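Have a look at the structure below, then the notes.
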Amino acid sequence: MNCRGKSISFGGITHIMGVLNVTPDSFSDGGDYLEVNTAIAHAKTMVAEGATIIDIGGESSRPGAEPVSAEVELHRVLPVIRALNSEQLDVLLSIDTTKAVVAQQALEAGAHIINDITALRGDAAMAHVATEMEAGVILMHMKGTPRTMQQSPQYKNVVEEIYEALESWINDATQNGIDPNRIIVDPGIGFGKTIKQNLQILKHLDVFKQLNKPILIGTSRKSFIGNLLDLPVTERVEGSIATVCWAIAHGADIVRVHDVKATVRAARMIDTLYR
């Protein structure tokens, strides 16, 4: 996959996407990296630990989160993206946004991938930006919005419905001119799903391989792990790594995580066994 002149290949190793939330209210690390120099230092640490993608977000998508303006989002993410781009690190930069104007400016500043939790459906201009800028695109499944998504989400068959939605959104993206070789899919663990539904997605993750796209899984520190293990967000590393190992063994190509060093070590062992 070539994204704005930078390539990433799938099948050899699992790619580790390090989370960099430059927000005051993200569920796990809100406020930790709001200051630009702190965010840059953390990103460089994650790259040194083995992250091959850094996912930079300026708006929280935790359950119940309130939206922020494009101006606020840009103020948070652009200095970080520009600084990391100037470092010429061996890493891809992903912009975690639902707004086309944010994606456009982030790509111009040095980002390579758009990670859109609305799968390009939240902003009519997003597909055009992705096409024109030759960006990689992550299409994620979400039921509702961050504000409403955990208010009793209902499915008849969660795996089947997510598969059909992703298949439809892939078709929409390609019809809008996005190179099919630049599309990644994410079934959206924790985004409009109950504990049982999250587990069903993981148990049947191999189904999504039939979409013939790289699969991204983001389970890191999420509430279903905390609820199952009765642990606060700061103590969910082992549970997160267990889900990562399962996901890799069942088809995940990218895992989005907060704890990069520990996850890289676990992922390399699973890669040795399964790849």
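Ordered as shown in the structure tokens, chains take letters A, B, and onward, while each chain numbers its residues from 1 and ligands are numbered from 1 in the order shown.
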
For this session: Can you pull out every residue within 12 Å of Leu84 of chain A, counting only C-alpha atoms, but drop anything in the same chain fewer than 5 positions away, and send it as a PyMOL selection string?
Result: chain A and resi 20+36-37+39-45+47+53-56+77-79+89-94+106+109-111

Problem set entry | DSSP strand (DSSP E or B) selection over segment 17-200 of chain A, as a count of residues only | 28

Problem set entry | Atom-to-atom span, atom CA of Gly11 of chain A and atom CA of Glu134 of chain A, Å | 22.2 Å

For this session: Please provide the set of residues having any atom within 10 Å of Gln200 of chain A, restricted to only C-alpha atoms, with same-chain residues fewer than 5 positions apart removed, written as a list in words.
Result: Asn157, Val158, Val159, Lys193, Thr194, Ile195 and Leu205 of chain A

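The residue set within 12 Å of Leu228 of chain A, counting only C-alpha atoms and dropping same-chain residues fewer than 2 places from it, reads A:Thr194, A:Ile195, A:Lys196, A:Asn198, A:Leu199, A:Arg221, A:Lys222, A:Ser223, A:Phe224, A:Ile225, A:Gly226, A:Asp230, A:Leu231, A:Pro232, A:Arg236, A:Gly239, A:Ser240.
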
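Using only C-alpha atoms, the shortest contact distance between Lys99 of chain A and any of A:Lys143, A:Arg265, A:Arg256, A:His128 is found at A:His128.
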
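The residue set within 12 Å of Val72 of chain A, counting only C-alpha atoms and dropping same-chain residues fewer than 2 places from it, reads Val22, Thr23, Pro24, Leu34, Gly57, Gly58, Glu59, Ser60, Pro67, Val68, Ser69, Ala70, Leu74, His75, Arg76, Val77, Leu78, Lys99, Val101 and Val102 of chain A.
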
Can you write just those residues out, N, CA and C atoms, as a PDB file, in the first residue's frame?
ATOM      1  N   VAL A  22      -4.051  14.025  21.361  1.00  0.00           N
ATOM      2  CA  VAL A  22      -3.727  15.379  21.815  1.00  0.00           C
ATOM      3  C   VAL A  22      -5.050  16.057  22.197  1.00  0.00           C
ATOM      4  N   THR A  23      -5.667  15.481  23.208  1.00  0.00           N
ATOM      5  CA  THR A  23      -6.980  15.906  23.687  1.00  0.00           C
ATOM      6  C   THR A  23      -6.966  15.995  25.204  1.00  0.00           C
ATOM      7  N   PRO A  24      -7.906  16.745  25.776  1.00  0.00           N
ATOM      8  CA  PRO A  24      -7.992  16.799  27.234  1.00  0.00           C
ATOM      9  C   PRO A  24      -8.917  15.742  27.824  1.00  0.00           C
ATOM     10  N   LEU A  34      -1.394  16.770  25.638  1.00  0.00           N
ATOM     11  CA  LEU A  34      -1.999  17.966  25.057  1.00  0.00           C
ATOM     12  C   LEU A  34      -0.938  19.009  24.704  1.00  0.00           C
ATOM     13  N   GLY A  57      -4.898  12.159  17.072  1.00  0.00           N
ATOM     14  CA  GLY A  57      -6.277  12.627  17.139  1.00  0.00           C
ATOM     15  C   GLY A  57      -6.437  13.846  18.018  1.00  0.00           C
ATOM     16  N   GLY A  58      -7.243  14.799  17.549  1.00  0.00           N
ATOM     17  CA  GLY A  58      -7.488  16.019  18.309  1.00  0.00           C
ATOM     18  C   GLY A  58      -8.901  16.149  18.812  1.00  0.00           C
ATOM     19  N   GLU A  59      -9.687  15.077  18.683  1.00  0.00           N
ATOM     20  CA  GLU A  59     -11.061  15.080  19.179  1.00  0.00           C
ATOM     21  C   GLU A  59     -11.372  13.713  19.772  1.00  0.00           C
ATOM     22  N   SER A  60     -11.816  13.682  21.003  1.00  0.00           N
ATOM     23  CA  SER A  60     -12.108  12.411  21.650  1.00  0.00           C
ATOM     24  C   SER A  60     -13.317  11.736  21.010  1.00  0.00           C
ATOM     25  N   PRO A  67     -18.515  16.784  20.500  1.00  0.00           N
ATOM     26  CA  PRO A  67     -17.667  17.180  19.373  1.00  0.00           C
ATOM     27  C   PRO A  67     -16.960  18.501  19.628  1.00  0.00           C
ATOM     28  N   VAL A  68     -15.853  18.709  18.929  1.00  0.00           N
ATOM     29  CA  VAL A  68     -15.152  19.987  18.987  1.00  0.00           C
ATOM     30  C   VAL A  68     -15.093  20.565  17.578  1.00  0.00           C
ATOM     31  N   SER A  69     -14.802  21.837  17.471  1.00  0.00           N
ATOM     32  CA  SER A  69     -14.754  22.497  16.176  1.00  0.00           C
ATOM     33  C   SER A  69     -13.501  22.081  15.408  1.00  0.00           C
ATOM     34  N   ALA A  70     -13.544  22.287  14.087  1.00  0.00           N
ATOM     35  CA  ALA A  70     -12.377  22.006  13.255  1.00  0.00           C
ATOM     36  C   ALA A  70     -11.196  22.872  13.674  1.00  0.00           C
ATOM     37  N   LEU A  74      -7.617  21.351  14.630  1.00  0.00           N
ATOM     38  CA  LEU A  74      -6.429  21.716  13.864  1.00  0.00           C
ATOM     39  C   LEU A  74      -5.352  22.321  14.761  1.00  0.00           C
ATOM     40  N   HIS A  75      -5.778  23.141  15.703  1.00  0.00           N
ATOM     41  CA  HIS A  75      -4.834  23.756  16.644  1.00  0.00           C
ATOM     42  C   HIS A  75      -4.086  22.690  17.447  1.00  0.00           C
ATOM     43  N   ARG A  76      -4.757  21.580  17.725  1.00  0.00           N
ATOM     44  CA  ARG A  76      -4.141  20.515  18.511  1.00  0.00           C
ATOM     45  C   ARG A  76      -3.219  19.630  17.677  1.00  0.00           C
ATOM     46  N   VAL A  77      -3.634  19.289  16.461  1.00  0.00           N
ATOM     47  CA  VAL A  77      -2.904  18.251  15.722  1.00  0.00           C
ATOM     48  C   VAL A  77      -1.827  18.776  14.771  1.00  0.00           C
ATOM     49  N   LEU A  78      -2.047  19.926  14.159  1.00  0.00           N
ATOM     50  CA  LEU A  78      -1.114  20.362  13.118  1.00  0.00           C
ATOM     51  C   LEU A  78       0.321  20.572  13.613  1.00  0.00           C
ATOM     52  N   LYS A  99     -13.549  15.055   9.981  1.00  0.00           N
ATOM     53  CA  LYS A  99     -13.753  16.313   9.265  1.00  0.00           C
ATOM     54  C   LYS A  99     -12.801  16.414   8.076  1.00  0.00           C
ATOM     55  N   VAL A 101     -11.883  19.038   6.335  1.00  0.00           N
ATOM     56  CA  VAL A 101     -10.945  20.155   6.404  1.00  0.00           C
ATOM     57  C   VAL A 101      -9.752  19.810   7.295  1.00  0.00           C
ATOM     58  N   VAL A 102      -9.999  19.070   8.352  1.00  0.00           N
ATOM     59  CA  VAL A 102      -8.901  18.633   9.229  1.00  0.00           C
ATOM     60  C   VAL A 102      -8.026  17.615   8.498  1.00  0.00           C
TER      61      VAL A 102
END

For this session: Identify which of the residues A:Thr52, A:Gln197, A:Asn21, A:Thr131 lies closest to Ile162 of chain A, counting only C-alpha atoms when measuring atom-to-atom distances.
Result: A:Gln197

For this session: as a ChimeraX atom specification, list the residues of segment 103-253 of chain A assigned to alpha helix (DSSP H) by DSSP on the backbone atoms of this structure.
Result: /A:103-109,126-133,158-175,195-203,223-229,237-249

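For the atom pair formed by atom CA of Gly50 of chain A and atom CA of Asp253 of chain A, the distance is 14.9 Å, given to one decimal.
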